[in-house]
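S.K.: Next up, final_0.txt (compact mmCIF, C-alpha atoms).
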```txt
# COMPACT_ATOMS: atom_id res chain seq x y z
CA MET A 255 -5.11 -8.78 21.32
CA ILE A 256 -4.40 -10.82 24.43
CA ASP A 257 -6.35 -10.31 27.66
CA VAL A 258 -4.32 -8.03 29.95
CA LYS A 259 -6.13 -9.32 33.06
CA ASN A 260 -5.13 -12.86 32.14
CA LEU A 261 -1.55 -11.71 31.59
CA LEU A 262 -1.34 -10.05 35.02
CA ASN A 263 -3.14 -12.84 36.89
CA ASN A 264 -1.31 -15.71 35.18
CA PHE A 265 1.92 -14.10 34.02
CA ASP A 266 4.20 -17.14 34.27
CA SER A 267 1.91 -19.49 32.31
CA VAL A 268 1.02 -16.86 29.67
CA SER A 269 4.69 -15.94 29.30
CA GLU A 270 5.67 -19.58 28.84
CA LYS A 271 3.06 -20.09 26.11
CA LEU A 272 4.00 -16.89 24.27
CA GLN A 273 7.68 -17.79 24.29
CA ILE A 274 6.67 -20.83 22.19
CA LYS A 275 5.78 -18.21 19.57
CA LYS A 276 9.24 -16.71 20.00
CA VAL A 277 8.08 -13.67 21.97
CA ASP A 278 11.05 -12.25 23.88
CA GLY A 279 10.70 -12.62 27.64
CA ASP A 280 11.98 -9.09 28.24
CA ILE A 281 9.18 -7.69 26.06
CA LEU A 282 6.65 -9.58 28.16
CA LEU A 283 8.13 -8.15 31.36
CA THR A 284 7.94 -4.66 29.83
CA LEU A 285 4.31 -5.36 28.91
CA LYS A 286 3.57 -6.53 32.45
CA ASP A 287 5.09 -3.36 33.93
CA ALA A 288 3.13 -1.18 31.50
CA ALA A 289 -0.11 -2.99 32.38
CA GLN A 290 0.53 -2.62 36.11
CA ASN A 291 1.39 1.08 35.74
CA TYR A 292 -1.78 1.66 33.73
CA LYS A 293 -3.89 -0.25 36.26
CA LYS A 294 -2.41 1.66 39.23
CA THR A 295 -2.92 5.05 37.54
CA LYS A 296 -6.50 4.14 36.65
CA GLN A 297 -7.22 3.11 40.23
CA ASN A 298 -5.77 6.40 41.50
CA LEU A 299 -7.91 8.33 39.03
CA GLU A 300 -11.05 6.45 40.05
CA SER A 301 -10.25 7.11 43.70
CA LEU A 302 -9.93 10.86 43.05
CA GLN A 303 -13.15 10.90 41.00
CA ALA A 304 -14.95 9.13 43.85
CA GLU A 305 -13.62 11.73 46.28
CA GLN A 306 -14.75 14.52 43.93
CA ASN A 307 -18.26 13.07 43.80
CA LYS A 308 -18.31 12.70 47.57
CA GLN A 309 -17.19 16.31 48.12
CA SER A 310 -19.65 17.64 45.53
CA LYS A 311 -22.56 16.22 47.53
CA LEU A 312 -21.52 18.37 50.51
CA PHE A 313 -22.46 21.69 48.85
CA GLY A 314 -25.83 21.95 50.56
CA GLU A 315 -24.43 21.10 53.96
CA LYS A 316 -21.49 23.54 53.64
CA ALA A 317 -23.77 26.32 52.44
CA LYS A 318 -25.61 26.09 55.74
CA GLU A 319 -22.31 26.37 57.63
CA GLY A 320 -21.55 29.66 55.98
CA LYS A 321 -19.54 31.30 53.24
CA GLU A 322 -16.15 30.37 54.68
CA ALA A 323 -16.93 26.63 54.76
CA LEU A 324 -18.26 26.85 51.21
CA GLU A 325 -15.07 28.55 49.98
CA VAL A 326 -12.94 25.83 51.60
CA LEU A 327 -15.01 23.15 49.81
CA LYS A 328 -14.71 24.95 46.47
CA SER A 329 -10.96 25.21 46.92
CA GLN A 330 -10.73 21.48 47.66
CA LEU A 331 -12.81 20.65 44.59
CA ASP A 332 -10.67 22.92 42.39
CA GLY A 333 -7.60 21.08 43.64
CA LEU A 334 -9.23 17.71 42.92
CA LYS A 335 -10.25 18.90 39.46
CA LYS A 336 -6.65 19.82 38.61
CA GLU A 337 -5.33 16.53 39.98
CA ILE A 338 -7.92 14.59 37.96
CA ALA A 339 -7.04 16.49 34.77
CA THR A 340 -3.32 15.77 35.26
CA LEU A 341 -3.98 12.12 36.04
CA ASN A 342 -6.27 11.82 33.00
CA GLN A 343 -3.43 12.96 30.76
CA GLU A 344 -1.06 10.56 32.48
CA LEU A 345 -3.55 7.69 32.04
CA LYS A 346 -3.94 8.40 28.32
CA ALA A 347 -0.18 8.35 27.84
CA LYS A 348 0.15 5.07 29.73
CA GLU A 349 -2.78 3.57 27.80
CA GLU A 350 -1.07 4.45 24.51
CA ILE A 351 2.17 2.79 25.67
CA LEU A 352 0.24 -0.31 26.75
CA GLU A 353 -1.75 -0.55 23.50
CA ASN A 354 1.35 -0.13 21.33
CA LEU A 355 2.95 -3.04 23.19
CA LEU A 356 -0.20 -5.16 23.05
CA PHE A 357 -0.67 -4.68 19.29
CA GLY A 358 2.69 -6.39 18.71
CA ILE A 359 2.02 -9.41 20.96
CA PRO A 360 0.69 -12.54 19.18
CA ASN A 361 -2.16 -14.73 20.30
CA ILE A 362 -1.62 -17.38 22.97
CA PRO A 363 -1.42 -20.99 21.68
CA ASP A 364 -4.27 -23.04 23.14
CA GLU A 365 -4.21 -26.48 24.70
CA LYS A 366 -4.75 -28.20 21.32
CA THR A 367 -1.54 -26.72 19.93
CA PRO A 368 1.52 -28.94 20.48
CA LYS A 369 4.88 -27.50 21.47
CA GLY A 370 7.52 -27.17 18.76
CA ASP A 371 9.97 -24.75 17.17
CA ASP A 372 9.04 -24.77 13.49
CA GLU A 373 7.31 -26.65 10.63
CA ASN A 374 9.48 -29.71 11.28
CA ASP A 375 7.62 -30.20 14.57
CA ASN A 376 4.13 -30.11 13.03
CA ILE A 377 2.03 -33.27 13.40
CA GLU A 378 0.29 -35.08 10.55
CA LEU A 379 -3.32 -35.84 11.55
CA LYS A 380 -4.56 -37.85 8.57
CA LYS A 381 -4.33 -38.35 4.82
CA VAL A 382 -7.24 -38.25 2.37
CA LEU A 383 -6.99 -40.11 -0.97
CA LYS A 384 -3.92 -41.97 -2.11
CA PRO A 385 -1.51 -40.26 -4.55
CA LYS A 386 -1.65 -41.67 -8.06
CA GLU A 387 1.28 -43.74 -9.30
CA PHE A 388 2.46 -42.48 -12.69
CA ALA A 389 4.00 -44.71 -15.36
CA PHE A 390 6.17 -41.73 -16.30
CA LYS A 391 8.00 -38.97 -14.46
CA PRO A 392 5.36 -36.30 -13.71
CA LYS A 393 6.15 -32.75 -14.73
CA GLU A 394 5.92 -29.67 -12.58
CA HIS A 395 3.15 -27.17 -13.20
CA TRP A 396 5.25 -24.51 -14.94
CA GLU A 397 6.30 -27.02 -17.60
CA LEU A 398 2.70 -28.13 -18.12
CA ALA A 399 1.52 -24.51 -18.16
CA GLN A 400 3.84 -23.59 -21.00
CA GLU A 401 3.09 -26.75 -23.01
CA ASN A 402 -0.68 -26.22 -22.75
CA GLY A 403 -0.72 -22.42 -22.93
CA TRP A 404 -2.57 -22.09 -19.61
CA ILE A 405 -0.24 -19.67 -17.82
CA ASP A 406 1.88 -16.90 -19.34
CA PHE A 407 4.60 -16.04 -16.85
CA GLU A 408 6.65 -13.71 -19.05
CA ARG A 409 3.78 -11.38 -19.91
CA GLY A 410 2.72 -11.23 -16.27
CA VAL A 411 6.18 -9.90 -15.41
CA LYS A 412 6.00 -7.44 -18.32
CA LEU A 413 2.64 -6.09 -17.15
CA ALA A 414 3.69 -5.69 -13.52
CA LYS A 415 6.82 -7.30 -12.04
CA SER A 416 8.11 -10.69 -10.95
CA ARG A 417 5.62 -13.01 -9.23
CA PHE A 418 2.73 -11.87 -11.38
CA SER A 419 1.31 -14.11 -14.10
CA VAL A 420 -1.44 -14.23 -16.72
CA LEU A 421 -3.97 -17.08 -17.04
CA ARG A 422 -5.11 -17.82 -20.58
CA GLY A 423 -7.52 -20.11 -22.39
CA MET A 424 -8.38 -23.24 -20.43
CA GLY A 425 -6.25 -22.01 -17.52
CA ALA A 426 -8.45 -18.93 -17.15
CA ARG A 427 -11.65 -20.98 -17.65
CA LEU A 428 -10.61 -23.47 -14.98
CA ASN A 429 -9.74 -20.65 -12.60
CA ARG A 430 -13.28 -19.28 -12.94
CA ALA A 431 -14.78 -22.78 -12.71
CA LEU A 432 -12.87 -23.48 -9.50
CA ILE A 433 -14.09 -20.25 -7.90
CA ASN A 434 -17.72 -21.05 -8.73
CA PHE A 435 -17.35 -24.68 -7.63
CA MET A 436 -15.79 -23.66 -4.29
CA LEU A 437 -18.40 -21.00 -3.55
CA ASP A 438 -21.25 -23.39 -4.40
CA TYR A 439 -19.73 -26.08 -2.20
CA ASN A 440 -19.32 -23.65 0.70
CA GLN A 441 -22.89 -22.38 0.36
CA LYS A 442 -24.22 -25.95 0.49
CA ALA A 443 -22.18 -26.39 3.68
CA GLY A 444 -24.07 -23.45 5.22
CA PHE A 445 -21.76 -20.49 4.54
CA GLU A 446 -23.36 -17.26 3.26
CA MET A 447 -21.71 -15.83 0.14
CA VAL A 448 -20.51 -12.23 0.48
CA VAL A 449 -18.86 -9.80 -1.93
CA THR A 450 -16.60 -7.30 -0.15
CA PRO A 451 -14.24 -4.44 -1.08
CA VAL A 452 -10.60 -5.36 -1.69
CA ILE A 453 -9.43 -2.00 -0.30
CA VAL A 454 -9.63 -1.41 3.46
CA ASN A 455 -8.64 1.26 5.95
CA GLU A 456 -6.02 0.90 8.67
CA LYS A 457 -8.53 0.23 11.45
CA MET A 458 -9.72 -2.97 9.78
CA LEU A 459 -6.17 -4.30 9.54
CA PHE A 460 -5.57 -3.60 13.22
CA GLY A 461 -8.76 -5.51 13.96
CA THR A 462 -7.62 -8.78 12.39
CA GLY A 463 -3.94 -8.42 13.28
CA GLN A 464 -2.21 -7.52 9.99
CA LEU A 465 -1.18 -4.15 11.40
CA PRO A 466 1.13 -3.02 12.81
CA LYS A 467 3.32 -6.13 12.67
CA PHE A 468 2.94 -7.12 9.00
CA GLU A 469 2.75 -3.75 7.26
CA GLU A 470 5.76 -4.60 5.07
CA ASP A 471 3.77 -7.45 3.51
CA MET A 472 0.83 -5.20 2.56
CA PHE A 473 0.33 -3.17 -0.61
CA LYS A 474 -0.37 0.35 0.64
CA ILE A 475 -2.34 3.07 -1.12
CA ASP A 476 -1.10 6.58 -0.34
CA GLY A 477 -3.67 8.36 1.83
CA ASN A 478 -2.64 11.74 0.40
CA THR A 479 -4.46 10.85 -2.80
CA ASP A 480 -7.82 10.50 -1.07
CA PRO A 481 -8.29 12.79 1.96
CA LEU A 482 -11.29 12.14 4.15
CA ILE A 483 -12.88 15.49 4.91
CA ILE A 484 -14.64 15.79 8.27
CA GLY A 485 -16.19 19.23 8.66
CA GLU A 486 -13.43 21.72 7.96
CA GLU A 487 -10.70 19.36 9.10
CA VAL A 488 -8.88 17.29 6.51
CA LYS A 489 -8.02 13.92 8.02
CA LYS A 490 -5.85 11.80 5.76
CA GLN A 491 -5.85 8.04 6.20
CA ASP A 492 -4.03 5.28 4.41
CA PHE A 493 -5.70 2.37 2.66
CA TYR A 494 -4.41 -1.08 1.80
CA LEU A 495 -5.15 -3.85 -0.68
CA ILE A 496 -6.33 -6.88 1.27
CA SER A 497 -4.05 -9.90 1.68
CA THR A 498 -7.07 -12.11 2.43
CA SER A 499 -10.83 -11.64 2.65
CA GLU A 500 -10.55 -12.79 6.27
CA ILE A 501 -9.94 -9.07 6.86
CA THR A 502 -13.17 -7.86 5.31
CA LEU A 503 -15.42 -10.74 6.36
CA THR A 504 -14.38 -10.59 10.01
CA ASN A 505 -14.55 -6.80 10.15
CA LEU A 506 -18.09 -6.73 8.79
CA TYR A 507 -18.95 -6.82 12.50
CA HIS A 508 -16.21 -4.44 13.67
CA ASP A 509 -17.32 -2.60 16.85
CA GLU A 510 -20.74 -4.29 16.85
CA ILE A 511 -22.76 -6.24 19.40
CA ILE A 512 -24.42 -9.27 17.80
CA PRO A 513 -27.59 -10.84 19.26
CA ALA A 514 -26.70 -14.30 20.60
CA GLN A 515 -29.45 -15.91 18.52
CA ASP A 516 -27.70 -14.77 15.32
CA LEU A 517 -24.62 -16.89 16.08
CA PRO A 518 -22.84 -18.66 14.57
CA ILE A 519 -22.35 -16.46 11.50
CA LEU A 520 -20.76 -18.44 8.65
CA LEU A 521 -19.41 -16.50 5.64
CA THR A 522 -17.59 -17.22 2.40
CA ALA A 523 -16.13 -14.87 -0.22
CA GLN A 524 -13.89 -14.89 -3.26
CA THR A 525 -11.47 -12.01 -3.75
CA PRO A 526 -8.15 -11.29 -5.34
CA CYS A 527 -5.50 -11.12 -2.60
CA PHE A 528 -2.33 -9.03 -2.62
CA ARG A 529 0.88 -9.81 -0.72
CA LYS A 530 4.36 -8.41 -1.08
CA GLU A 531 5.80 -11.64 0.37
CA ALA A 532 8.52 -9.44 1.83
CA GLY A 533 9.80 -12.18 4.12
CA SER A 534 9.99 -14.91 1.50
CA ALA A 535 12.68 -13.76 -0.93
CA GLY A 536 14.03 -16.64 -2.98
CA ARG A 537 11.20 -19.04 -2.06
CA ASP A 538 9.09 -20.59 -4.82
CA THR A 539 10.03 -17.89 -7.29
CA ARG A 540 9.39 -20.19 -10.23
CA GLY A 541 5.81 -20.86 -11.25
CA MET A 542 2.61 -19.90 -9.44
CA ILE A 543 3.14 -21.22 -5.91
CA ARG A 544 3.93 -17.84 -4.32
CA GLN A 545 2.44 -14.85 -6.17
CA HIS A 546 1.92 -11.19 -5.29
CA GLN A 547 -1.67 -11.40 -6.58
CA PHE A 548 -3.85 -14.50 -6.39
CA ASP A 549 -7.50 -15.52 -6.09
CA LYS A 550 -8.69 -17.13 -2.89
CA VAL A 551 -12.01 -18.36 -1.59
CA GLU A 552 -12.22 -17.79 2.16
CA LEU A 553 -14.28 -19.13 5.04
CA VAL A 554 -14.90 -17.02 8.15
CA ALA A 555 -16.96 -17.87 11.22
CA ILE A 556 -18.08 -15.73 14.15
CA THR A 557 -19.25 -17.83 17.06
CA LYS A 558 -19.91 -18.12 20.75
CA PRO A 559 -16.83 -19.44 22.60
CA GLU A 560 -18.43 -22.83 23.24
CA GLN A 561 -19.15 -23.29 19.52
CA SER A 562 -15.73 -22.47 18.12
CA ASP A 563 -14.08 -25.91 18.30
CA GLU A 564 -17.02 -27.55 16.53
CA ILE A 565 -17.08 -24.84 13.84
CA HIS A 566 -13.30 -25.13 13.42
CA GLN A 567 -13.71 -28.79 12.52
CA LYS A 568 -16.61 -27.96 10.17
CA MET A 569 -14.38 -25.50 8.30
CA ILE A 570 -11.56 -28.07 8.01
CA ASP A 571 -14.04 -30.66 6.70
CA THR A 572 -15.47 -28.17 4.19
CA ALA A 573 -12.06 -27.29 2.72
CA SER A 574 -11.04 -30.96 2.67
CA GLY A 575 -14.34 -31.90 1.04
CA ILE A 576 -13.61 -29.63 -1.92
CA LEU A 577 -10.25 -31.31 -2.52
CA GLU A 578 -11.80 -34.75 -2.18
CA ALA A 579 -14.56 -33.85 -4.65
CA LEU A 580 -11.84 -32.76 -7.09
CA GLY A 581 -9.97 -36.05 -6.57
CA LEU A 582 -6.90 -34.35 -5.12
CA PRO A 583 -4.91 -36.27 -2.46
CA HIS A 584 -4.18 -34.20 0.62
CA ARG A 585 -3.38 -34.36 4.30
CA MET A 586 -4.21 -32.45 7.48
CA VAL A 587 -1.36 -31.14 9.63
CA GLN A 588 -1.62 -29.75 13.16
CA LEU A 589 0.69 -26.75 13.49
CA CYS A 590 2.98 -26.56 16.50
CA GLY A 591 3.31 -23.38 18.57
CA GLY A 592 6.49 -22.26 16.82
CA ASP A 593 4.83 -22.40 13.37
CA LEU A 594 1.57 -20.78 14.41
CA GLY A 595 0.46 -17.51 12.81
CA PHE A 596 0.32 -14.21 14.70
CA SER A 597 -3.45 -14.16 15.34
CA ALA A 598 -4.00 -17.92 15.59
CA SER A 599 -4.51 -19.89 18.77
CA ASN A 600 -4.87 -23.20 16.96
CA THR A 601 -4.31 -24.01 13.26
CA VAL A 602 -4.71 -27.03 11.04
CA ASP A 603 -3.07 -26.80 7.63
CA ILE A 604 -4.34 -28.74 4.63
CA GLU A 605 -1.57 -29.75 2.24
CA VAL A 606 -2.28 -31.00 -1.29
CA TRP A 607 -0.14 -33.60 -3.05
CA LEU A 608 1.92 -32.26 -5.97
CA PRO A 609 3.41 -35.20 -7.90
CA GLY A 610 5.69 -32.94 -9.96
CA GLN A 611 7.37 -31.80 -6.73
CA ASN A 612 6.85 -35.20 -5.06
CA CYS A 613 5.60 -33.60 -1.85
CA TYR A 614 2.62 -32.11 -0.07
CA ARG A 615 2.24 -28.31 -0.21
CA GLU A 616 0.00 -26.04 1.84
CA ILE A 617 -3.25 -25.10 0.15
CA SER A 618 -5.27 -24.00 3.20
CA SER A 619 -4.79 -22.91 6.81
CA VAL A 620 -7.85 -23.10 9.05
CA SER A 621 -7.35 -21.15 12.26
CA ASN A 622 -9.25 -20.50 15.46
CA THR A 623 -8.21 -17.12 16.85
CA ARG A 624 -10.45 -17.49 19.93
CA ASP A 625 -11.23 -13.93 21.21
CA PHE A 626 -7.92 -12.40 20.02
CA GLN A 627 -9.31 -10.64 16.93
CA ALA A 628 -12.63 -9.92 18.63
CA ARG A 629 -10.86 -7.98 21.38
CA ARG A 630 -8.93 -5.91 18.81
CA ALA A 631 -11.98 -5.35 16.58
CA LYS A 632 -14.47 -4.99 19.47
CA ILE A 633 -16.81 -7.71 18.20
CA ARG A 634 -19.17 -8.80 20.94
CA TYR A 635 -22.43 -10.68 21.39
CA LYS A 636 -25.27 -10.09 23.83
CA GLU A 637 -26.80 -12.92 25.85
CA ASP A 638 -28.88 -12.61 29.02
CA LYS A 639 -28.37 -8.82 28.88
CA LYS A 640 -24.58 -9.26 29.12
CA ASN A 641 -21.96 -8.53 26.46
CA ALA A 642 -19.08 -10.94 25.80
CA LEU A 643 -16.41 -11.32 23.14
CA VAL A 644 -17.10 -13.67 20.24
CA HIS A 645 -14.63 -16.16 18.81
CA THR A 646 -13.52 -15.67 15.19
CA LEU A 647 -12.20 -18.32 12.82
CA ASN A 648 -10.86 -18.20 9.28
CA GLY A 649 -9.60 -20.57 6.61
CA SER A 650 -8.81 -20.83 2.90
CA SER A 651 -11.35 -22.83 0.97
CA LEU A 652 -9.24 -22.74 -1.12
CA ALA A 653 -6.28 -20.89 -2.63
CA VAL A 654 -7.49 -21.01 -6.24
CA GLY A 655 -4.10 -20.82 -7.99
CA ARG A 656 -2.64 -23.63 -5.92
CA THR A 657 -5.73 -25.75 -6.60
CA LEU A 658 -5.22 -25.15 -10.33
CA ILE A 659 -1.57 -26.21 -9.94
CA ALA A 660 -2.65 -29.38 -8.10
CA ILE A 661 -5.09 -30.25 -10.89
CA MET A 662 -2.43 -29.72 -13.54
CA GLU A 663 0.09 -31.97 -11.79
CA ASN A 664 -2.32 -34.68 -10.61
CA TYR A 665 -4.33 -34.89 -13.83
CA GLN A 666 -1.43 -34.74 -16.31
CA LYS A 667 -1.00 -37.45 -18.94
CA GLU A 668 2.17 -38.80 -20.48
CA ASP A 669 1.76 -36.70 -23.64
CA GLY A 670 1.66 -33.52 -21.51
CA SER A 671 -2.07 -32.93 -21.83
CA ILE A 672 -4.24 -32.47 -18.76
CA GLU A 673 -7.57 -34.12 -17.93
CA ILE A 674 -10.42 -32.10 -16.44
CA PRO A 675 -11.80 -33.28 -13.05
CA GLU A 676 -15.34 -34.60 -13.38
CA ALA A 677 -16.64 -32.19 -10.72
CA LEU A 678 -15.64 -29.16 -12.84
CA LYS A 679 -16.98 -30.21 -16.24
CA SER A 680 -20.43 -28.71 -15.69
CA TYR A 681 -18.77 -25.38 -14.77
CA LEU A 682 -16.91 -25.03 -18.09
```
Since I need it in another form, could you write the structure as structure tokens?

M.R.:
Amino acid sequence: MIDVKNLLNNFDSVSEKLQIKKVDGDILLTLKDAAQNYKKTKQNLESLQAEQNKQSKLFGEKAKEGKEALEVLKSQLDGLKKEIATLNQELKAKEEILENLLFGIPNIPDEKTPKGDDENDNIELKKVLKPKEFAFKPKEHWELAQENGWIDFERGVKLAKSRFSVLRGMGARLNRALINFMLDYNQKAGFEMVVTPVIVNEKMLFGTGQLPKFEEDMFKIDGNTDPLIIGEEVKKQDFYLISTSEITLTNLYHDEIIPAQDLPILLTAQTPCFRKEAGSAGRDTRGMIRQHQFDKVELVAITKPEQSDEIHQKMIDTASGILEALGLPHRMVQLCGGDLGFSASNTVDIEVWLPGQNCYREISSVSNTRDFQARRAKIRYKEDKKNALVHTLNGSSLAVGRTLIAIMENYQKEDGSIEIPEALKSYL
């Protein structure tokens, strides 16, 4: 969630940056008005409360002046009490309006993020490893999958629906080997391994920014099937399957104050991830590029503000290091403002080379959200007896299915068989 004070104090510059993310200017003006109305009402309420406190201290003095003076004071206090109650209700209503607007506003692109409208304006930073030159026309992964019996697309559809698949034999073994290899690599880089639930409540999704904006992309579990009973009141809440373990790792510290000496906190986890891909109809429907369920190893960092740029680079290097160890050519791409995700302030994508498609495809996004998620999730740290918002960062390290695809296409031989990367042999 963006800082309202920053919005009010620097409206023109904040508005300009948010319009890079295609936020409508009229919405920002509405947000500004709502913030000003809330601020004015709060100031009025505080003024009345101060007056109430001031008048309350006069009881002893008025008692000495007699019953009539005391009755006048009581009458004034009763009037103030009613005004305060009315203004409290008004403030709550205005706060709800303000929060509903704020929850739909994306993060502000930072100074490292270049201007641009879409992915065509992203900037290549560097390439790692040179793509192999084949003496034959390389096949795409779905052809290799069928020839080698690694992926069963038809039975995946039969078991669930389109965009589900089944890994078999060496495909399944490599999937497990990749997960173990990635987690080991991340632990050696200083990230603590964590196992989290894959079902979360609504509050966690608000914290990291998936709700309310991206609800249509989430797989929802009906709250009516599992009421949460508090005393005699039945409070139903909805749950969701996670789309990334960024949600659970970041929210481990939801509404907590972390001692400064414990930062940075570096975490890694492997989970299945679930996405409806509601906004991507017709894209990559063939093969395993865009699935409704996939395994992913995630990196998350919680840092002091002054540490976040350094940690961001460490996370990029860690994800890149895995690909390099696997012998997979890839490149780093700086996302422009128009291609930046909702919660991100700065993002570097890592794209792996797929010779069957003759192009680079995204396999990781490493994002610094600055204090955007921390403000929503109330994650703070304490230093010198003062509380401040942390910075949170997240990145894929890596999308396991896409890494398997990259191995299949980059390690294929002319007869259709597939070599095994040296780094994975001890894991099989």

S.K.: Kindly extract all protein, DNA and RNA residues lying within 12 Å of the coordinates (-10.3, -7.9, 2.0) given in the file, considering all atoms listed in the file, and supply them as a PDB file with C-alpha atoms, in the coordinates of the input.

M.R.:
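In the end it all went to point.pdb:
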```pdb
ATOM      1  CA  VAL A 448     -20.510 -12.230   0.480  1.00  0.00           C
ATOM      2  CA  VAL A 449     -18.860  -9.800  -1.930  1.00  0.00           C
ATOM      3  CA  THR A 450     -16.600  -7.300  -0.150  1.00  0.00           C
ATOM      4  CA  PRO A 451     -14.240  -4.440  -1.080  1.00  0.00           C
ATOM      5  CA  VAL A 452     -10.600  -5.360  -1.690  1.00  0.00           C
ATOM      6  CA  ILE A 453      -9.430  -2.000  -0.300  1.00  0.00           C
ATOM      7  CA  VAL A 454      -9.630  -1.410   3.460  1.00  0.00           C
ATOM      8  CA  ASN A 455      -8.640   1.260   5.950  1.00  0.00           C
ATOM      9  CA  GLU A 456      -6.020   0.900   8.670  1.00  0.00           C
ATOM     10  CA  MET A 458      -9.720  -2.970   9.780  1.00  0.00           C
ATOM     11  CA  LEU A 459      -6.170  -4.300   9.540  1.00  0.00           C
ATOM     12  CA  THR A 462      -7.620  -8.780  12.390  1.00  0.00           C
ATOM     13  CA  GLN A 464      -2.210  -7.520   9.990  1.00  0.00           C
ATOM     14  CA  MET A 472       0.830  -5.200   2.560  1.00  0.00           C
ATOM     15  CA  PHE A 473       0.330  -3.170  -0.610  1.00  0.00           C
ATOM     16  CA  PHE A 493      -5.700   2.370   2.660  1.00  0.00           C
ATOM     17  CA  TYR A 494      -4.410  -1.080   1.800  1.00  0.00           C
ATOM     18  CA  LEU A 495      -5.150  -3.850  -0.680  1.00  0.00           C
ATOM     19  CA  ILE A 496      -6.330  -6.880   1.270  1.00  0.00           C
ATOM     20  CA  SER A 497      -4.050  -9.900   1.680  1.00  0.00           C
ATOM     21  CA  THR A 498      -7.070 -12.110   2.430  1.00  0.00           C
ATOM     22  CA  SER A 499     -10.830 -11.640   2.650  1.00  0.00           C
ATOM     23  CA  GLU A 500     -10.550 -12.790   6.270  1.00  0.00           C
ATOM     24  CA  ILE A 501      -9.940  -9.070   6.860  1.00  0.00           C
ATOM     25  CA  THR A 502     -13.170  -7.860   5.310  1.00  0.00           C
ATOM     26  CA  LEU A 503     -15.420 -10.740   6.360  1.00  0.00           C
ATOM     27  CA  THR A 504     -14.380 -10.590  10.010  1.00  0.00           C
ATOM     28  CA  ASN A 505     -14.550  -6.800  10.150  1.00  0.00           C
ATOM     29  CA  LEU A 506     -18.090  -6.730   8.790  1.00  0.00           C
ATOM     30  CA  THR A 522     -17.590 -17.220   2.400  1.00  0.00           C
ATOM     31  CA  ALA A 523     -16.130 -14.870  -0.220  1.00  0.00           C
ATOM     32  CA  GLN A 524     -13.890 -14.890  -3.260  1.00  0.00           C
ATOM     33  CA  THR A 525     -11.470 -12.010  -3.750  1.00  0.00           C
ATOM     34  CA  PRO A 526      -8.150 -11.290  -5.340  1.00  0.00           C
ATOM     35  CA  CYS A 527      -5.500 -11.120  -2.600  1.00  0.00           C
ATOM     36  CA  PHE A 528      -2.330  -9.030  -2.620  1.00  0.00           C
ATOM     37  CA  ARG A 529       0.880  -9.810  -0.720  1.00  0.00           C
ATOM     38  CA  ASP A 549      -7.500 -15.520  -6.090  1.00  0.00           C
ATOM     39  CA  LYS A 550      -8.690 -17.130  -2.890  1.00  0.00           C
ATOM     40  CA  VAL A 551     -12.010 -18.360  -1.590  1.00  0.00           C
ATOM     41  CA  GLU A 552     -12.220 -17.790   2.160  1.00  0.00           C
ATOM     42  CA  VAL A 554     -14.900 -17.020   8.150  1.00  0.00           C
TER      43      VAL A 554
END
```

S.K.: What's around A:Asp603 at 8 Å? Count all atoms listed in the file, leave out sequence neighbours fewer than 6 positions away in its own chain, and write the answer as a compact mmCIF listing (two decimals) with C-alpha atoms, in the coordinates of the input.

M.R.:
```txt
# COMPACT_ATOMS: atom_id res chain seq x y z
CA MET A 586 -4.21 -32.45 7.48
CA VAL A 587 -1.36 -31.14 9.63
CA GLN A 588 -1.62 -29.75 13.16
CA LEU A 589 0.69 -26.75 13.49
CA GLU A 616 0.00 -26.04 1.84
CA ILE A 617 -3.25 -25.10 0.15
CA SER A 618 -5.27 -24.00 3.20
CA SER A 619 -4.79 -22.91 6.81
CA VAL A 620 -7.85 -23.10 9.05
```

S.K.: Excluding A:Asp516 and its own-chain neighbours fewer than 3 positions away, which residues fall within 12 Å of it when counting all atoms listed in the file? Please give them as a PyMOL selection string.

M.R.: chain A and resi 511-513+519-520+555-558+634-637+644

S.K.: Next, the residues of the selection above should be written as a PDB file, in the coordinates of the input with C-alpha atoms.

M.R.:
```
ATOM      1  CA  ILE A 511     -22.760  -6.240  19.400  1.00  0.00           C
ATOM      2  CA  ILE A 512     -24.420  -9.270  17.800  1.00  0.00           C
ATOM      3  CA  PRO A 513     -27.590 -10.840  19.260  1.00  0.00           C
ATOM      4  CA  ILE A 519     -22.350 -16.460  11.500  1.00  0.00           C
ATOM      5  CA  LEU A 520     -20.760 -18.440   8.650  1.00  0.00           C
ATOM      6  CA  ALA A 555     -16.960 -17.870  11.220  1.00  0.00           C
ATOM      7  CA  ILE A 556     -18.080 -15.730  14.150  1.00  0.00           C
ATOM      8  CA  THR A 557     -19.250 -17.830  17.060  1.00  0.00           C
ATOM      9  CA  LYS A 558     -19.910 -18.120  20.750  1.00  0.00           C
ATOM     10  CA  ARG A 634     -19.170  -8.800  20.940  1.00  0.00           C
ATOM     11  CA  TYR A 635     -22.430 -10.680  21.390  1.00  0.00           C
ATOM     12  CA  LYS A 636     -25.270 -10.090  23.830  1.00  0.00           C
ATOM     13  CA  GLU A 637     -26.800 -12.920  25.850  1.00  0.00           C
ATOM     14  CA  VAL A 644     -17.100 -13.670  20.240  1.00  0.00           C
TER      15      VAL A 644
END
```

S.K.: Kindly indicate which residue among A:Phe626, A:Trp404, A:Tyr681, A:Trp607 lies nearest to A:Arg656, using all atoms listed in the file for the distances.

M.R.: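 For A:Arg656, the nearest of the given residues is A:Trp607.
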
S.K.: For A:Pro675, work out the shell of residues within 10 Å, counting only C-alpha atoms and skipping chain neighbours fewer than 4 positions away, then give it as a CSV table (one decimal) with C-alpha atoms, in the coordinates of the input.

M.R.:
```csv
chain,number,residue,atom,x,y,z
A,579,ALA,CA,-14.6,-33.8,-4.6
A,580,LEU,CA,-11.8,-32.8,-7.1
A,581,GLY,CA,-10.0,-36.0,-6.6
A,582,LEU,CA,-6.9,-34.4,-5.1
A,661,ILE,CA,-5.1,-30.2,-10.9
A,664,ASN,CA,-2.3,-34.7,-10.6
A,665,TYR,CA,-4.3,-34.9,-13.8
A,679,LYS,CA,-17.0,-30.2,-16.2
```
